[in-house]
file run.csv (CSV, C-alpha atoms and all ligand atoms)
chain,number,residue,atom,x,y,z
A,5,MET,CA,104.9,82.1,100.7
A,6,PRO,CA,101.3,81.5,99.8
A,7,THR,CA,99.5,84.3,98.2
A,8,SER,CA,96.1,83.4,99.5
A,9,PRO,CA,95.0,81.6,102.7
A,10,ALA,CA,93.8,78.7,100.6
A,11,ASP,CA,97.4,77.8,99.6
A,12,GLY,CA,98.8,77.4,103.1
A,13,PRO,CA,99.3,74.2,105.0
A,14,ALA,CA,97.0,75.0,108.0
A,15,GLN,CA,94.3,77.3,106.7
A,16,PRO,CA,91.1,76.5,108.5
A,17,ASP,CA,87.9,77.9,107.2
A,18,VAL,CA,87.2,81.1,109.0
A,19,PRO,CA,84.0,82.6,107.8
A,20,GLY,CA,84.6,86.0,106.4
A,21,ARG,CA,88.4,85.8,106.9
A,22,PRO,CA,89.8,88.2,104.3
A,23,ALA,CA,92.2,86.8,101.8
A,24,ALA,CA,95.6,88.4,101.9
A,25,GLY,CA,95.4,92.0,100.6
A,26,GLN,CA,91.7,92.0,100.7
A,27,ASP,CA,90.0,95.1,102.3
A,28,ARG,CA,89.1,94.7,105.9
A,29,PRO,CA,85.6,95.5,107.2
A,30,ALA,CA,84.8,99.0,108.5
A,31,ALA,CA,86.6,99.6,111.8
A,32,MET,CA,84.5,99.0,114.9
A,33,LEU,CA,87.5,99.7,117.1
A,34,SER,CA,90.4,101.9,116.0
A,35,VAL,CA,93.5,102.4,118.2
A,36,ARG,CA,95.6,105.2,116.8
A,37,ASP,CA,99.2,105.8,117.8
A,38,VAL,CA,98.5,105.1,121.4
A,39,VAL,CA,101.1,105.8,124.0
A,40,SER,CA,100.5,104.5,127.6
A,41,GLY,CA,102.1,103.1,130.6
A,42,TYR,CA,102.3,103.3,134.4
A,43,GLY,CA,103.7,106.8,134.9
A,44,GLY,CA,107.3,106.0,134.1
A,45,PRO,CA,108.7,105.6,130.6
A,46,PRO,CA,105.8,104.5,128.2
A,47,ILE,CA,105.2,100.8,127.9
A,48,VAL,CA,103.0,101.1,124.8
A,49,ARG,CA,104.8,103.3,122.4
A,50,GLY,CA,102.7,104.4,119.6
A,51,VAL,CA,100.5,101.5,118.8
A,52,SER,CA,97.8,101.4,116.1
A,53,VAL,CA,95.4,98.5,115.9
A,54,GLN,CA,92.1,98.1,114.2
A,55,VAL,CA,89.3,95.6,114.7
A,56,GLY,CA,86.7,95.5,111.9
A,57,ALA,CA,83.0,94.8,112.4
A,58,GLY,CA,82.7,91.1,113.0
A,59,GLU,CA,86.4,90.4,113.0
A,60,ILE,CA,88.4,88.4,115.4
A,61,VAL,CA,91.8,90.1,115.8
A,62,THR,CA,94.7,88.6,117.7
A,63,ILE,CA,97.6,90.3,119.3
A,64,VAL,CA,100.6,88.0,119.9
A,65,GLY,CA,104.1,88.8,121.2
A,66,PRO,CA,106.5,87.9,123.9
A,67,ASN,CA,105.9,88.3,127.6
A,68,GLY,CA,106.3,91.9,128.6
A,69,ALA,CA,105.7,93.2,125.1
A,70,GLY,CA,102.9,95.5,126.5
A,71,LYS,CA,99.8,93.5,125.3
A,72,SER,CA,98.0,93.7,128.6
A,73,THR,CA,99.0,97.3,129.0
A,74,LEU,CA,97.5,98.1,125.6
A,75,LEU,CA,94.2,96.5,126.5
A,76,LYS,CA,94.1,98.3,129.8
A,77,ALA,CA,94.6,101.6,128.0
A,78,ILE,CA,91.9,100.8,125.5
A,79,ALA,CA,89.6,99.8,128.4
A,80,GLY,CA,90.1,103.1,130.2
A,81,LEU,CA,92.1,101.6,133.1
A,82,LEU,CA,95.3,103.3,132.2
A,83,ARG,CA,95.7,106.8,130.9
A,84,VAL,CA,96.3,107.2,127.2
A,85,GLU,CA,99.1,109.7,127.1
A,86,SER,CA,98.8,110.4,123.4
A,87,GLY,CA,96.9,108.9,120.5
A,88,GLN,CA,93.3,108.1,120.2
A,89,VAL,CA,90.8,105.2,120.8
A,90,VAL,CA,87.7,105.2,118.6
A,91,LEU,CA,84.7,102.9,119.0
A,92,ASP,CA,82.5,102.9,116.0
A,93,ARG,CA,83.4,106.6,115.2
A,94,ALA,CA,83.0,107.8,118.8
A,95,ASP,CA,86.2,109.0,120.5
A,96,ILE,CA,86.4,107.0,123.7
A,97,THR,CA,90.0,107.9,124.7
A,98,ASN,CA,90.3,108.1,128.5
A,99,GLN,CA,86.7,107.6,129.1
A,100,ARG,CA,85.5,106.0,132.3
A,101,THR,CA,85.0,102.2,132.3
A,102,ASN,CA,81.3,102.6,133.1
A,103,ARG,CA,80.8,104.8,130.1
A,104,LEU,CA,82.8,102.5,127.9
A,105,ALA,CA,80.6,99.6,129.0
A,106,ARG,CA,77.5,101.6,128.1
A,107,LEU,CA,79.0,102.4,124.7
A,108,GLY,CA,79.5,98.7,124.0
A,109,LEU,CA,83.1,97.9,125.0
A,110,GLY,CA,83.6,94.7,127.1
A,111,TYR,CA,86.9,93.9,128.7
A,112,VAL,CA,88.1,90.7,130.4
A,113,PRO,CA,91.4,91.3,132.2
A,114,GLN,CA,94.3,88.8,132.3
A,115,SER,CA,93.9,88.4,136.0
A,116,ASN,CA,90.7,87.3,137.7
A,117,ASP,CA,87.7,89.5,137.5
A,118,VAL,CA,85.0,87.6,139.3
A,119,PHE,CA,83.3,88.2,142.7
A,120,ASP,CA,84.4,85.3,145.0
A,121,PRO,CA,81.5,85.4,147.4
A,122,LEU,CA,78.9,85.3,144.7
A,123,THR,CA,77.7,82.3,142.7
A,124,VAL,CA,78.3,82.1,139.0
A,125,ARG,CA,74.7,83.1,138.3
A,126,GLU,CA,75.1,86.1,140.6
A,127,ASN,CA,78.3,87.1,138.9
A,128,LEU,CA,76.5,87.0,135.5
A,129,GLU,CA,73.7,89.1,137.1
A,130,VAL,CA,76.2,91.7,138.2
A,131,GLY,CA,77.6,91.8,134.6
A,132,GLY,CA,74.0,92.3,133.4
A,133,TYR,CA,73.3,95.3,135.7
A,134,ARG,CA,72.1,97.3,132.8
A,135,VAL,CA,69.9,94.5,131.4
A,136,PRO,CA,66.2,95.2,132.4
A,137,ARG,CA,65.2,92.9,135.2
A,138,PRO,CA,62.6,91.0,133.2
A,139,GLN,CA,65.1,90.2,130.5
A,140,LEU,CA,67.9,89.1,132.8
A,141,GLY,CA,67.1,85.4,132.8
A,142,ALA,CA,66.9,85.3,129.0
A,143,ARG,CA,70.2,87.1,128.7
A,144,ILE,CA,71.8,84.6,131.1
A,145,ASP,CA,70.4,81.8,128.9
A,146,GLU,CA,71.9,83.5,125.8
A,147,VAL,CA,75.3,83.8,127.5
A,148,THR,CA,75.3,80.2,128.6
A,149,GLY,CA,74.3,79.3,125.1
A,150,LEU,CA,77.5,81.0,123.9
A,151,LEU,CA,79.6,79.5,126.8
A,152,PRO,CA,78.0,76.1,127.4
A,153,ALA,CA,80.7,75.3,130.0
A,154,LEU,CA,79.0,77.8,132.3
A,155,GLY,CA,75.8,75.8,132.3
A,156,GLY,CA,76.8,73.3,134.9
A,157,LEU,CA,78.4,75.9,137.2
A,158,MET,CA,75.5,78.3,137.8
A,159,GLY,CA,75.0,77.6,141.5
A,160,ARG,CA,78.6,77.3,142.4
A,161,ARG,CA,80.4,80.0,144.4
A,162,ALA,CA,83.1,81.6,142.4
A,163,ALA,CA,85.6,81.2,145.2
A,164,LYS,CA,85.3,77.4,144.7
A,165,LEU,CA,86.1,77.4,141.0
A,166,SER,CA,89.3,76.5,139.3
A,167,GLY,CA,91.3,79.3,137.6
A,168,GLY,CA,90.1,78.3,134.2
A,169,GLU,CA,86.4,78.2,135.3
A,170,ARG,CA,86.8,81.6,136.9
A,171,LYS,CA,88.1,82.9,133.6
A,172,MET,CA,85.0,81.5,131.8
A,173,VAL,CA,82.8,83.3,134.3
A,174,ALA,CA,84.7,86.5,133.7
A,175,VAL,CA,84.1,86.1,130.0
A,176,GLY,CA,80.4,85.4,130.6
A,177,ARG,CA,80.1,88.4,132.9
A,178,ALA,CA,81.5,90.7,130.1
A,179,LEU,CA,79.1,89.1,127.6
A,180,MET,CA,76.1,90.0,129.7
A,181,SER,CA,76.1,93.6,128.5
A,182,GLN,CA,76.2,92.4,124.9
A,183,PRO,CA,79.4,94.3,124.0
A,184,ARG,CA,79.9,95.3,120.4
A,185,VAL,CA,83.7,95.0,120.9
A,186,LEU,CA,85.1,92.5,123.4
A,187,LEU,CA,88.7,92.7,124.6
A,188,LEU,CA,89.9,89.4,125.9
A,189,ASP,CA,93.3,89.2,127.7
A,190,GLU,CA,94.5,85.5,127.6
A,191,PRO,CA,91.0,84.0,128.1
A,192,THR,CA,92.4,80.4,127.9
A,193,SER,CA,94.9,80.8,130.8
A,194,GLY,CA,94.2,78.2,133.4
A,195,LEU,CA,92.0,76.1,131.0
A,196,SER,CA,93.0,72.6,129.9
A,197,ALA,CA,94.1,72.0,126.4
A,198,ASP,CA,90.6,70.7,125.4
A,199,ARG,CA,88.8,73.5,127.1
A,200,SER,CA,91.1,76.1,125.4
A,201,THR,CA,90.4,74.7,122.0
A,202,GLN,CA,86.7,74.7,122.8
A,203,LEU,CA,86.8,78.3,123.9
A,204,LEU,CA,88.7,79.5,120.9
A,205,THR,CA,87.3,77.4,118.1
A,206,ARG,CA,83.7,77.2,119.3
A,207,ASP,CA,82.8,79.8,121.8
A,208,ILE,CA,84.8,82.8,120.5
A,209,ARG,CA,83.8,82.0,117.0
A,210,ALA,CA,80.2,81.8,118.0
A,211,LEU,CA,80.5,85.1,119.7
A,212,SER,CA,81.9,86.7,116.6
A,213,GLU,CA,79.2,85.2,114.5
A,214,SER,CA,76.7,86.6,116.9
A,215,GLY,CA,77.9,90.0,115.8
A,216,ALA,CA,80.6,91.0,118.3
A,217,SER,CA,84.0,92.1,117.3
A,218,VAL,CA,86.8,90.5,119.3
A,219,LEU,CA,90.3,91.7,120.2
A,220,LEU,CA,92.2,88.8,121.6
A,221,VAL,CA,95.5,88.6,123.4
A,222,GLU,CA,96.6,84.9,123.5
A,223,GLN,CA,99.6,82.8,124.5
A,224,LYS,CA,98.1,79.9,122.6
A,225,ALA,CA,99.0,81.7,119.5
A,226,LEU,CA,98.5,79.0,116.9
A,227,ALA,CA,95.0,78.2,118.0
A,228,ALA,CA,94.2,81.9,118.2
A,229,LEU,CA,95.5,82.7,114.8
A,230,GLU,CA,93.5,79.8,113.3
A,231,ILE,CA,90.2,81.5,114.3
A,232,SER,CA,91.4,85.1,113.6
A,233,HIS,CA,90.9,87.3,110.6
A,234,TRP,CA,93.8,89.6,111.3
A,235,ALA,CA,96.9,89.6,113.6
A,236,TYR,CA,99.3,92.0,115.1
A,237,VAL,CA,102.7,91.1,116.6
A,238,LEU,CA,103.6,93.4,119.4
A,239,ALA,CA,107.2,93.6,120.7
A,240,LEU,CA,108.7,96.1,123.1
A,241,GLY,CA,105.6,98.2,123.0
A,242,ARG,CA,105.3,98.5,119.2
A,243,VAL,CA,103.5,96.7,116.4
A,244,ILE,CA,106.1,95.0,114.3
A,245,ILE,CA,103.7,93.1,112.1
A,246,SER,CA,100.2,93.7,110.9
A,247,ALA,CA,98.9,90.9,108.6
A,248,PRO,CA,96.1,88.6,107.8
A,249,ALA,CA,96.2,85.8,110.4
A,250,ALA,CA,96.4,83.2,107.7
A,251,GLU,CA,99.5,84.8,106.3
A,252,LEU,CA,101.2,84.8,109.7
A,253,LEU,CA,100.3,81.2,110.2
A,254,ALA,CA,101.9,80.2,106.9
A,255,ARG,CA,105.3,81.7,107.8
A,256,PRO,CA,108.1,79.2,108.2
A,257,ASP,CA,109.7,81.5,110.8
A,258,LEU,CA,106.5,81.7,112.8
A,259,GLY,CA,108.1,80.9,116.2
A,260,ASP,CA,110.6,83.8,115.8
A,261,VAL,CA,107.9,86.1,114.8
A,262,PHE,CA,105.8,85.4,117.9
A,263,LEU,CA,108.7,85.8,120.2
A,264,GLY,CA,109.5,89.2,118.8
A,265,GLN,CA,112.9,88.0,117.5
A,266,ILE,CA,112.3,89.3,114.1
A,267,THR,CA,112.5,93.0,113.4
A,268,ALA,CA,110.9,94.7,110.5
A,269,GLN,CA,114.2,95.0,108.8
A,270,GLU,CA,114.8,91.3,108.9
A,271,LEU,CA,111.3,90.8,107.5
A,272,GLY,CA,112.3,92.6,104.4
A,273,PRO,CA,109.7,94.0,102.0
A,274,PRO,CA,106.2,92.7,102.6
A,275,GLN,CA,105.7,89.3,100.9
A,276,GLY,CA,102.4,88.2,99.6
A,277,THR,CA,100.0,91.1,99.7
A,278,GLY,CA,98.9,91.9,103.2
A,279,ALA,CA,101.9,91.7,105.6
A,280,THR,CA,102.8,95.1,106.8
A,281,PRO,CA,106.0,95.3,108.8
A,282,VAL,CA,105.5,98.5,110.9
A,283,GLY,CA,108.5,100.4,112.4
A,284,PRO,CA,111.1,98.2,114.0
A,285,PRO,CA,111.6,98.5,117.7
A,286,PRO,CA,115.0,100.2,118.0
A,287,GLU,CA,115.9,97.9,120.9
A,288,ALA,CA,115.0,94.7,119.1
A,289,SER,CA,118.4,93.3,119.8
A,290,GLN,CA,117.4,93.2,123.4
A,291,ALA,CA,114.4,91.1,122.6
A,292,PRO,CA,113.3,88.9,125.5
A,293,ALA,CA,114.4,85.3,125.8
A,294,ARG,CA,112.7,82.6,123.8
A,295,GLY,CA,109.8,80.8,125.3
A,296,ALA,CA,107.5,78.0,124.1
A,297,MET,CA,105.0,78.8,121.4
A,298,THR,CA,101.8,76.9,121.6
A,301,LIG,N1,101.2,97.5,137.3
A,301,LIG,C1,102.4,97.8,136.6
A,301,LIG,N2,103.2,98.8,137.1
A,301,LIG,C2,104.3,99.1,136.5
A,301,LIG,N3,104.8,98.5,135.4
A,301,LIG,C3,104.1,97.5,134.9
A,301,LIG,C4,102.8,97.1,135.5
A,301,LIG,N4,102.3,96.1,134.8
A,301,LIG,C5,103.2,95.8,133.8
A,301,LIG,N5,104.2,96.7,133.8
A,301,LIG,C6,105.4,96.7,132.9
A,301,LIG,O1,104.9,96.8,131.6
A,301,LIG,C7,105.6,95.9,130.8
A,301,LIG,C8,104.6,95.2,129.8
A,301,LIG,O2,103.7,94.4,130.6
A,301,LIG,P1,102.4,93.7,130.0
A,301,LIG,O3,101.6,94.8,129.3
A,301,LIG,O4,101.7,93.1,131.2
A,301,LIG,O5,103.0,92.7,129.0
A,301,LIG,P2,102.4,91.5,128.3
A,301,LIG,O6,100.9,91.5,128.6
A,301,LIG,O7,102.7,91.7,126.8
A,301,LIG,O8,103.1,90.3,128.8
A,301,LIG,C9,106.3,94.9,131.7
A,301,LIG,O9,107.6,94.7,131.3
A,301,LIG,C10,106.2,95.5,133.0
A,301,LIG,O10,107.5,95.9,133.4
A,302,MG,MG,99.7,90.1,129.6

call {"tool": "encode", "arguments": {"input": "run.csv", "output": "structure tokens", "more": "lines below"}}
Ligand SMILES: Nc1ncnc2c1ncn2[C@@H]1O[C@H](COP(=O)(O)OP(=O)(O)O)[C@@H](O)[C@H]1O
Ligand SMILES: [Mg+2]
result
Amino acid sequence: MPTSPADGPAQPDVPGRPAAGQDRPAAMLSVRDVVSGYGGPPIVRGVSVQVGAGEIVTIVGPNGAGKSTLLKAIAGLLRVESGQVVLDRADITNQRTNRLARLGLGYVPQSNDVFDPLTVRENLEVGGYRVPRPQLGARIDEVTGLLPALGGLMGRRAAKLSGGERKMVAVGRALMSQPRVLLLDEPTSGLSADRSTQLLTRDIRALSESGASVLLVEQKALAALEISHWAYVLALGRVIISAPAAELLARPDLGDVFLGQITAQELGPPQGTGATPVGPPPEASQAPARGAMT
């Protein structure tokens, strides 16, 4: 196992990516022991996740692991039953979404979040409802600068767009309010392979370089890890691995790790310097069936 990202086989240059074991930047978003769900037994069962200033952090894990549920709880759409969510030192646990947006938290849900009857430009304007009117045009230009694919769509009605295009509009809409932390739930779903690569390697990187911190949930796990500084593997509502993304990418058993097939016990003591197996899920033997890792 490589001891630094530079030793691994697929170690792209991520500006600011910490070497294994290196300290992470100060937390911009801190999720501490969060328990949440839909009123029945908790789905997210004591999850702690951190996103440092300027970091891109990816959460991977099998379907049904609780990734979307976790983002909804952070974004104030589901009640946090216990634990805490902290945004740049302010406790934002169970705050209303309007207030969260004002404090600088952006959220793009997994399912569509655009207004069908409106054009793309109008959708962006809605996202920028807090931007002073005279600055709205300039902000739209900044957002289309970050997401060039939106440029050609401005006059189109959202209802007429493909699933992937709608997803881009949803990301653009969230960007309008200049979030300090952006939660993205599978932003590449519905996009072609080329568009997905573009969104991850160009747009989300540009976004991060513009100063936002990004918490990403992605099925295209390899591409997401390649642009990420840190990664968490979520299985059965718990974090089973917290490690530098480069370290996860370098693992020969990567496929099993993604699919939640590996418990912390099987991982053994942390190798390298940064990998931190965290509390195995007690029901790991019931891990979901294998799926394709991309
Ligand atoms: N709206 C809902 N109401 C009740 N249970 C839900 C709802 N959405 C998801 N769940 C449950 O939460 C679990 C985790 O779902 P989810 O967070 O969407 O997983 P992931 O995003 O990791 O695929 C699922 O197994 C599902 O049973
Ligand atoms: Mg999901």

call {"tool": "residues_near_ligand", "arguments": {"input": "run.csv", "ligand": "ligand LIG 301 (chain A)", "cutoff": "9 Å", "atoms": "only C-alpha atoms and all ligand atoms", "output": "short mmCIF file (atom, residue, chain, number, x, y, z; two decimals) with C-alpha atoms, in the frame of the given file"}}
result
data_model
loop_
_atom_site.label_atom_id
_atom_site.label_comp_id
_atom_site.auth_asym_id
_atom_site.auth_seq_id
_atom_site.Cartn_x
_atom_site.Cartn_y
_atom_site.Cartn_z
CA GLY A 41 102.10 103.10 130.60
CA TYR A 42 102.30 103.30 134.40
CA GLY A 43 103.70 106.80 134.90
CA GLY A 44 107.30 106.00 134.10
CA PRO A 46 105.80 104.50 128.20
CA ILE A 47 105.20 100.80 127.90
CA VAL A 48 103.00 101.10 124.80
CA VAL A 64 100.60 88.00 119.90
CA GLY A 65 104.10 88.80 121.20
CA PRO A 66 106.50 87.90 123.90
CA ASN A 67 105.90 88.30 127.60
CA GLY A 68 106.30 91.90 128.60
CA ALA A 69 105.70 93.20 125.10
CA GLY A 70 102.90 95.50 126.50
CA LYS A 71 99.80 93.50 125.30
CA SER A 72 98.00 93.70 128.60
CA THR A 73 99.00 97.30 129.00
CA LEU A 74 97.50 98.10 125.60
CA LEU A 75 94.20 96.50 126.50
CA LYS A 76 94.10 98.30 129.80
CA GLN A 114 94.30 88.80 132.30
CA ASP A 189 93.30 89.20 127.70
CA GLU A 190 94.50 85.50 127.60
CA VAL A 221 95.50 88.60 123.40
CA LEU A 238 103.60 93.40 119.40
CA ALA A 239 107.20 93.60 120.70
CA LEU A 240 108.70 96.10 123.10
CA GLY A 241 105.60 98.20 123.00
#

call {"tool": "closest_residue", "arguments": {"input": "run.csv", "among": "A:Ser115, A:Thr123, A:Ser196, A:Ser212", "to": "ligand MG 302 (chain A)", "atoms": "only C-alpha atoms and all ligand atoms"}}
result
A:Ser115

call {"tool": "closest_residue", "arguments": {"input": "run.csv", "among": "A:Ala254, A:Val90, A:Ile63, A:Ile78", "to": "ligand MG 302 (chain A)", "atoms": "all atoms listed in the file"}}
result
A:Ile63

call {"tool": "closest_residue", "arguments": {"input": "run.csv", "among": "A:Gln202, A:Ser232, A:Asn127, A:Ser34", "to": "A:Gln88", "atoms": "only C-alpha atoms"}}
result
A:Ser34

call {"tool": "atom_distance", "arguments": {"input": "run.csv", "atom1": "atom CA of A:Pro121", "atom2": "atom CA of A:Gly108"}}
result
27.0 Å

call {"tool": "closest_residue", "arguments": {"input": "run.csv", "among": "A:Leu187, A:Val118, A:Met32, A:Ala105", "to": "A:Ala174", "atoms": "only C-alpha atoms"}}
result
A:Val118

call {"tool": "closest_residue", "arguments": {"input": "run.csv", "among": "A:Leu188, A:Val89, A:Val130, A:Val35", "to": "ligand MG 302 (chain A)", "atoms": "only C-alpha atoms and all ligand atoms"}}
result
A:Leu188

call {"tool": "residues_around", "arguments": {"input": "run.csv", "residues": "A:Ser52", "least_positions_apart": "4", "cutoff": "10 Å", "atoms": "only C-alpha atoms", "output": "PyMOL selection string"}}
result
chain A and resi 34-39+87-89+236+242-243+246+282

call {"tool": "write_last_selection", "arguments": {"input": "run.csv", "atoms": "C-alpha atoms", "output": "mmCIF file, keeping the file's coordinate frame"}}
result
data_model
loop_
_atom_site.group_PDB
_atom_site.id
_atom_site.type_symbol
_atom_site.label_atom_id
_atom_site.label_comp_id
_atom_site.auth_asym_id
_atom_site.auth_seq_id
_atom_site.Cartn_x
_atom_site.Cartn_y
_atom_site.Cartn_z
ATOM 1 C CA SER A 34 90.400 101.900 116.000
ATOM 2 C CA VAL A 35 93.500 102.400 118.200
ATOM 3 C CA ARG A 36 95.600 105.200 116.800
ATOM 4 C CA ASP A 37 99.200 105.800 117.800
ATOM 5 C CA VAL A 38 98.500 105.100 121.400
ATOM 6 C CA VAL A 39 101.100 105.800 124.000
ATOM 7 C CA GLY A 87 96.900 108.900 120.500
ATOM 8 C CA GLN A 88 93.300 108.100 120.200
ATOM 9 C CA VAL A 89 90.800 105.200 120.800
ATOM 10 C CA TYR A 236 99.300 92.000 115.100
ATOM 11 C CA ARG A 242 105.300 98.500 119.200
ATOM 12 C CA VAL A 243 103.500 96.700 116.400
ATOM 13 C CA SER A 246 100.200 93.700 110.900
ATOM 14 C CA VAL A 282 105.500 98.500 110.900
#

call {"tool": "closest_residue", "arguments": {"input": "run.csv", "among": "A:Arg184, A:Arg125, A:Val173, A:Pro136", "to": "A:Met158", "atoms": "only C-alpha atoms"}}
result
A:Arg125

call {"tool": "atom_distance", "arguments": {"input": "run.csv", "atom1": "atom CA of A:Leu107", "atom2": "atom CA of A:Leu91"}}
result
8.1 Å

call {"tool": "residues_around", "arguments": {"input": "run.csv", "residues": "A:Thr205", "least_positions_apart": "2", "cutoff": "10 Å", "atoms": "all atoms listed in the file", "output": "PyMOL selection string"}}
result
chain A and resi 18+199-203+207-210+227-228+230-232

call {"tool": "write_last_selection", "arguments": {"input": "run.csv", "atoms": "C-alpha atoms", "output": "mmCIF file, in the frame of the given file"}}
result
data_model
loop_
_atom_site.group_PDB
_atom_site.id
_atom_site.type_symbol
_atom_site.label_atom_id
_atom_site.label_comp_id
_atom_site.auth_asym_id
_atom_site.auth_seq_id
_atom_site.Cartn_x
_atom_site.Cartn_y
_atom_site.Cartn_z
ATOM 1 C CA VAL A 18 87.200 81.100 109.000
ATOM 2 C CA ARG A 199 88.800 73.500 127.100
ATOM 3 C CA SER A 200 91.100 76.100 125.400
ATOM 4 C CA THR A 201 90.400 74.700 122.000
ATOM 5 C CA GLN A 202 86.700 74.700 122.800
ATOM 6 C CA LEU A 203 86.800 78.300 123.900
ATOM 7 C CA ASP A 207 82.800 79.800 121.800
ATOM 8 C CA ILE A 208 84.800 82.800 120.500
ATOM 9 C CA ARG A 209 83.800 82.000 117.000
ATOM 10 C CA ALA A 210 80.200 81.800 118.000
ATOM 11 C CA ALA A 227 95.000 78.200 118.000
ATOM 12 C CA ALA A 228 94.200 81.900 118.200
ATOM 13 C CA GLU A 230 93.500 79.800 113.300
ATOM 14 C CA ILE A 231 90.200 81.500 114.300
ATOM 15 C CA SER A 232 91.400 85.100 113.600
#
